[in-house]
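Read through the structure below, which is laid out as structure tokens, and then see the notes.
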Amino acid sequence: MAATALIETCDLGRAYGGKWAVRHLGLQVARGEIYGFLGQNGAGKTTTIRMLAALLRPSEGSLRIDGIDPRVAPRALKQRVGLVPDTPPLHDYLTGRQYVGLVASLWHVGRRERDARAERLFALLQLEEAADELCKGYSHGMRKKVHLAAVLATAPPVLLLDEATTGLDPIGVRRLKDLLLEESARGTTILFSTHVLETAEQICHRVGILVRGTLRAEGTVADLRAAHGGASLEDVFLATATGAAAGGGDGPARD
Amino acid sequence: MGLLATDLRALANLPGTRAGRRIVAGTGIGLGLLALMSWWGTGELLAHPRLLQMVLPATGEPLVGLLGFGLGACPVAASWIGLALAQRQLFESPELNLWLAAPLPRWRPALQVLLRASFLALLWGTALAGPVVGGLLASKQAPWPAYALAPLALLVCTVPLLAALLGVQLVLVRFFAGRVLRLVLTLVSALASAGFSTWLLVGLFTAAEERLPQLAAAGAGAGRLPWTIDSAAHLLAAAAGGRCDVSALASALGWLAAALAGFVALGHLHPRAVEKHLESQPPLRRRRSGWPSSVAGAIRRKEFAQVLQQPGALLGFLAFAVLVVALARQRVLVGGLLDASRLPPDLASVAAMLVLWFVAVLLVLYAHMGRLAMWDGPQWPLYLAAPARPVAILWGKLQAVALFLLWPLVVVGAAGSQMLGAGPAAVGLFAAVALAGTVAALGVLAAVGTWPRLMRPDDAGQIVQGGRSFLAALVLVVAFELVAAPVYFGWPLLVDAPQQRLAGGAGPASLHGWAVPAIWLFALLAGASGFGLGVRNYGRLLRAR
Ligand SMILES: Nc1ncnc2c1ncn2[C@@H]1O[C@H](COP(=O)(O)OP(=O)(O)O)[C@@H](O)[C@H]1O
Ligand SMILES: [Mg+2]
């Protein structure tokens, strides 16, 4: 599997002012895989994703996307990556459609492909009404959806989503999940950070649990649950996140 | 007093962090330079008792008039802040969500906006008026209570006016909110911003010999001061003579109390006014249109769209034209040039237009600099994440800015031909030189507007403006003046050469011979080196942190 890993990190670490936010991170995500990145607030998910998108320089270790090292060819790497950050960087005085056009051109996508993809995505994400209004008036969820549409219109082989479901309505979440599954089936590699364990459980092929900057558990949801004596993913998460000392799945007596 | 304590706490925290220290340093340097400017311009003149005696009339209360003149900077700063900055704070600040939801008295959030605006206006007022008032008091060898009363005087000249401006806006929005009022308020705010910068620039370029008559007039004008300034000026004048003017003190304190009380009363309208303001903005729909697929093309298009689709931006362009025409009509800064008889009239009008153009470009240069990086601060992570080449992004932005920079040229050209008596040949010559100047200005913008020291993105990828935007404005103005300096100093050469040929009736056309090509060569050089620097800077701004 490692041979076809599109996202690959080795001993990756990043410090802010001498404090480590992420450390000794080794990730391997294969082509077409949906990888769920779980962790508490401040665990280091955003930091990792920003390093993968070549926005942040690692303080130690290395990473490769599709075999490309950001230190060697940052632009070639960025061309392959679509990033959906927590706060979408929309321009207030552009319309949603114009914003999609801007992003597509920054990623060197031709007009025809862009327009075809955008139409489909607008329809899917229920944005047709809003697409010709200025982004200034959008709600948080709409901003997210518009940015998502813009990123997907560039058809990136690697998708990095940072808490993409927050702010979306239930229909939006559902459409997003469908979209991600469909993208994955087409071979897109997806790294998906979230707090919503249910979503992770539904669509992720594998999940990793990040605790204070290091990866504490990794595997398919079924494997993780089995390792904790059949507990729910929530229990696995709580046990892993709140002290690895608790160890096995016997700790939390919920339900 | 929770809100006030929070603000004070935030201020006190500033020196504790790196970003905060930068803000403090940037603001301090900027205001310090303004104070220095004000001292060199007027304060220094007034600090010489002999000179002061010469300009002052023997009768009346000259000191009161002069103090009033000095304090006059406070209401100017207050008007700018009240109309341009506080307007947004009052109705659109994100903090309003918290303040209006909190169990505070209805008027409390509005009062907080007033307090913040007063603080800011007082900073500016002190920088601008402080040196003049200080110079005057020093020349009179005033005792220390006079200096101790100076802050009160500044306060009286600032707060009541601010309260009135904000109060009027509150009432208007509360009862007349709608599309029209939105446009009107935006236009007023654009005019206030442009007017304030013009006021500063004109002050900067006014020569000392033009100031003396102004001062003499001010000294004679004690009776004609507005009420608030009048009581402040009387208070200080009496204190300078070692007396305490009780009625002036009472009236000053009365003004402050009345302003605060009146504003608190009006503050009750604030929550409803904010609601109305939000309601008055229906979503704007835009026609769909093709969007270019090349990077530079898309960026250029984006810049245009942001101007065309943002009502305030377009109104800003309009307000700018109104101001430039007003300057031309009043012959501000160019009266002397036009009346100088040793110049042929055509050449004089070219020179006058060039001076106006220079001032006009200085007025808008900062705003256009923002387009290169600063104003896209929150969107910077998008550019950081994109595979587009930095040079393509910068190129697209500069193309848009180049077109925007033609506006001053057009406006000044039109004003020149209508109001300064410039013929077609003169306008053509002006356009040739000003076009070269535009190229040079673009170079300056490209170099300064992307300078990483002024625009560095933070770890989260966003460009933080902070106090550095003020510093950036100063750097920009100085850089543009440096680039224009050769033309300024070459001007006498230029004027004398055709004058010798004037006997032969050559006129300004003879300038085409060598001056215009030389200016163009220089401008192209400046433009190209600026662009080169800009490309290098942009690469750094768009690198991983
Ligand atoms: N720009 C920054 N400067 C300093 N510390 C930061 C910065 N960004 C993140 N951190 C710290 O790094 C850690 C991880 O943050 P982050 O990656 O945002 O976590 P997550 O996305 O998992 O909530 C946190 O402790 C946070 O305080
Ligand atoms: Mg995060």
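Note on naming: chains are A, B, ... as they come in the structure tokens, residues start from 1 per chain, ligands start from 1 in the order shown.
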
Neighbourhood of ligand 1 at 9 Å, counting only C-alpha atoms and all ligand atoms, reported as a PyMOL selection string: (chain A and resi 14-17+19-22+38-50+86+162-163+193+210-213) or (chain B and resi 458-461)

DSSP helix (DSSP H, G or I) residues within range 228-450 of chain B, as a ChimeraX atom specification: /B:228-240,246-267,270-279,295-308,311-330,335-339,345-372,374-385,390-404,406-419,424-448

Please, which residues in chain A fall within 8 Å of chain B when counting only C-alpha atoms, and what is the closest atom pair and distance in Å to one decimal for each, ordered by chain then residue number, as a tab-separated table?
```
residue	atom	partner	partner_atom	distance
A:Ala53	CA	B:Ala385	CA	6.4
A:Ala54	CA	B:Ala544	CA	6.0
A:Leu55	CA	B:Ala544	CA	4.5
A:Leu56	CA	B:Arg545	CA	4.8
A:Arg57	CA	B:Ala544	CA	5.6
A:Pro74	CA	B:Pro387	CA	7.8
A:Arg75	CA	B:Pro387	CA	4.6
A:Ala76	CA	B:Pro387	CA	6.8
A:Leu77	CA	B:Pro387	CA	7.7
A:Lys78	CA	B:Pro387	CA	5.0
A:Gln79	CA	B:Pro387	CA	5.0
A:Leu83	CA	B:Ala385	CA	7.4
A:Pro89	CA	B:Gln379	CA	4.6
A:Leu90	CA	B:Gln379	CA	6.5
A:His91	CA	B:Gln379	CA	6.9
A:Tyr93	CA	B:Gln306	CA	5.2
A:Leu94	CA	B:Gln306	CA	6.3
A:Thr95	CA	B:Arg286	CA	7.2
A:Arg97	CA	B:Arg288	CA	7.8
A:Gln98	CA	B:Trp291	CA	7.0
A:Gly101	CA	B:Trp291	CA	5.9
A:Leu102	CA	B:Ala298	CA	5.8
A:Ala104	CA	B:Ser293	CA	7.4
A:Ser105	CA	B:Ser293	CA	4.7
A:Leu106	CA	B:Ala388	CA	5.2
A:Trp107	CA	B:Pro387	CA	5.9
A:His108	CA	B:Ser293	CA	7.0
A:Val109	CA	B:Ser293	CA	6.8
A:Gly110	CA	B:Ser293	CA	5.8
A:Arg111	CA	B:Ser293	CA	5.8
A:Asp132	CA	B:Arg286	CA	5.4
A:Glu133	CA	B:Arg285	CA	4.6
A:Leu134	CA	B:Leu284	CA	6.2
A:Gly137	CA	B:Pro283	CA	6.4
```

Keeping C-alpha atoms for every residue in the selection just given, could you write it to a file as a compact mmCIF listing (two decimals), in the first residue's frame?
```
# COMPACT_ATOMS: atom_id res chain seq x y z
CA ALA A 53 -0.64 22.16 1.77
CA ALA A 54 2.82 23.78 1.85
CA LEU A 55 1.59 26.83 3.75
CA LEU A 56 3.70 26.04 6.78
CA ARG A 57 7.26 24.79 6.77
CA PRO A 74 6.23 23.77 -3.93
CA ARG A 75 4.15 24.86 -6.89
CA ALA A 76 3.94 21.38 -8.39
CA LEU A 77 2.76 20.18 -4.99
CA LYS A 78 0.17 22.92 -4.62
CA GLN A 79 -1.18 22.15 -8.07
CA LEU A 83 -7.38 22.83 0.69
CA PRO A 89 -10.88 32.80 2.41
CA LEU A 90 -13.75 34.22 0.35
CA HIS A 91 -13.66 37.73 -1.07
CA TYR A 93 -17.23 41.71 -2.84
CA LEU A 94 -17.12 38.90 -5.37
CA THR A 95 -20.08 36.68 -6.11
CA ARG A 97 -19.52 32.22 -9.07
CA GLN A 98 -16.79 34.80 -9.54
CA GLY A 101 -13.66 31.44 -11.33
CA LEU A 102 -10.84 33.11 -9.44
CA ALA A 104 -10.02 27.87 -10.81
CA SER A 105 -7.74 30.26 -12.64
CA LEU A 106 -5.24 30.25 -9.79
CA TRP A 107 -5.11 26.47 -10.21
CA HIS A 108 -4.80 26.76 -14.00
CA VAL A 109 -8.13 25.18 -14.86
CA GLY A 110 -9.57 25.94 -18.30
CA ARG A 111 -12.86 27.75 -18.74
CA ASP A 132 -24.74 35.24 -8.16
CA GLU A 133 -24.94 37.12 -4.88
CA LEU A 134 -22.00 38.80 -3.21
CA GLY A 137 -24.07 38.23 2.69
```

Distance query range 329-333 of chain B at most 9 Å, only C-alpha atoms, self and fewer than 2 positions along chain excluded, as a ChimeraX atom specification: /B:202,205-206,324-327,335-338,352,355-356,415,419-420

Exercise: Arg536 in chain B partners within 10 Å, only C-alpha atoms, chain neighbours under 4 positions left out, as a PyMOL selection string: chain B and resi 390-391+447+450-452+530-532+540-541

Residue contacts of Ala319 in chain B (6 Å, only C-alpha atoms) excluding same-chain residues fewer than 3 positions away, as a PyMOL selection string: chain B and resi 191+316+322

Contact residues around range 168-171 of chain B with only C-alpha atoms at 12 Å, ignoring same-chain residues under 3 positions, as a count of residues only: 46

Spatial neighbours of Trp124 in chain B, 10 Å, only C-alpha atoms, chain gap at least 6 places, as a PyMOL selection string: chain B and resi 30-32+34-35+73-74+76-78+81+118+130

Selected residue of minimal separation from ligand 2 among A:Phe237, A:Tyr138, A:Phe37, A:Tyr99, counting only C-alpha atoms and all ligand atoms: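 Answer, going by the shortest atom-to-atom distance: A:Phe37.
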
Per-residue DSSP, range 9-231 of chain A, filtered to strand (DSSP E), as number ranges by chain: A: 9-16, 19-25, 28-30, 34-39, 60-65, 81-84, 158-162, 189-194, 206-211, 214-219

Distance of CA of Met353 in chain B from CA of Phe320 in chain B, expressed in Å to one decimal place: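 These atoms are spaced 15.8 Å apart.
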
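When only C-alpha atoms and all ligand atoms are used to measure the gap to ligand 2, the shortest distance among A:Leu121, A:Leu152, A:Ala5, A:Leu161 belongs to A:Leu161.
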